[in-house]
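As structure tokens, the structure follows; a few thoughts come after it.
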Amino acid sequence: MGVRGLDAVVRGRVLTGGDAGFEAASRPWNLAVEQKPEAVVEVADAGDVAAVVRWAGERGLSVAAQTTGHGATGSASGAVLVRTAALGGVEVDPAARTVRVGAGVSWGRVQEAAAVYGLTGLPGSSPGVGVAGYTLGGGLSWFGRRHGWAADAVRAWEVVCADGERVRVTAESDADLFWALCGGGGEVAVVAAVELELFPAPGLFAGSVVWPAGRAAQVAAAYEEIAADAPEELALWWSLHRFPGAEPLVSVQAAFLGGAGRARALLAPLASVGGSVRDTLGELALTELGSVSGDPVDPTPGLARTELLTGPVGEWSAALAAEPLDPLFGVQVRQLGGALAGPSGTPFGSLSEPFYAYAFGAPVGPGGEGAVRGRLERLFAGVAVSGRKPLTALGAGEPVGRVFSPRVLERLGRIKRERDPHGVVRAAHSVLG
Ligand SMILES: Cc1cc2nc3c(=O)[nH]c(=O)nc-3n(C[C@H](O)[C@H](O)[C@H](O)COP(=O)(O)OP(=O)(O)OC[C@H]3O[C@@H](n4cnc5c(N)ncnc54)[C@H](O)[C@@H]3O)c2cc1C
């Protein structure tokens, strides 16, 4: 089915195959993902989103929405791809401690707007990740140990339903739809904006300490010592990095919501490791949080695997550093627990595993994908994992049964079939399997 006539119903730009700029507009942030939409609509406003959804529904087509393409899986192929960049509003209400965020906004802008009032949202490692896509997937934040899933901080969603109707959804107005959106993925409606709770952030002490990988055993011991008694305000990550042509490095990243004195005392075991080649720990503006993990900003090809670890990480992480990581570029371990292990209204529920591990590489040339996948397999063979993972960590082709229990999948599937019987809205991962 063609897409002729689509440009007559929207104010934004419509691009189809053969148009200059179509290839670039189709490309997701993750360049390893091939994505071939029928058309791309750079919507001008929420009215455009509604018009595209109605138009597609009447013609038996699907609509896939993307903010950045950080979470692309290829599922937008064959669909009308809605690019939300123009839905750009960020409105903070400091008295209510909330922010209304347009679906085109990435975390960096929310953090800038909230920091003016000494407030923070619940961003993940990269300021470039879209707020809507991240929150629809649950959203595992630097501050999750203190404040839980980002999706549990949602107060309302402004969406376009599969029939093109625009609705503001709260837990009171539509409990099923609200629940499905708060971590169940973007398959039940297209989001135009989200209202989130913000949290007080009187101070931030954060940064990373880096050592040659030869120190991995001592670093792992220090990491475990700190993690054993870490308060919820402290996020503690461990990383192993390989940069082409350079010696491998291990590092610890920390972000503490509070003052420098307490943070330095908590992190003292890092100083006793000795031999660090870089130490950026210090008081940091909330807007600089993205510098701590140093995630790539520009579009990058990446193949990753995440697992939730059920036991201690010290021996495993030290052993990883003793073996060549090639062709992977890095491994990151995040301490979970705290509020993440507490009650949650999200479809995922509480995150009881103590650690989250993420490893990634870039598939290069023929056989590159197989080589990265094979190394990822071997990497996780040596550690106990629960088999579950957050939706934002689910890779292309991985089953949603790794994220949601059968009972939750049954409820999500029922809501999807009721609200979108003709399958107009397409997400990165389908709850229908
Ligand atoms: C470098 C990097 C760092 C990351 N760090 C973290 C982290 O710390 N914590 C974490 O939890 N995750 C993290 N992620 C994963 C990230 O949260 C997910 O990939 C998320 O889906 C990205 O959202 P996005 O909007 O940027 O991406 P997109 O690819 O644009 O969107 C992903 C999916 O979300 C849905 N979606 C997006 N916008 C809409 C909309 N308007 N309406 C309906 N559905 C929509 C669609 O299903 C879409 O396919 C990271 C990913 C990368 C690449």
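So you can find residues: chains in the structure tokens are A, B, ... in the order shown, residues in each start at 1, and ligands are numbered from 1 in order.
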For this session: Kindly provide, as a PyMOL selection string, all nucleotide and amino acid residues lying within 8 Å of ligand 1, counting only C-alpha atoms and all ligand atoms.
Result: chain A and resi 28-30+64-73+75-76+84+103-104+106+123-126+128-142+159+185-193+295-297+302+390-393+426-429
For this session: In Å, rounded to a single decimal, give me how far atom CA of Leu249 of chain A is from atom CA of Pro212 of chain A.
Result: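 About the pair atom CA of Pro212 of chain A and atom CA of Leu249 of chain A: they are 4.5 Å apart.
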Problem set entry | segment 59-195 of chain A: residues DSSP assigns to strand (DSSP E or B), reported as a count of residues only | 40
Exercise. So how many Å separate atom CA of Ser293 of chain A and atom CA of Pro399 of chain A, to one decimal?
Worked result: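 Rounded to one decimal, the two atoms are 28.2 Å apart.
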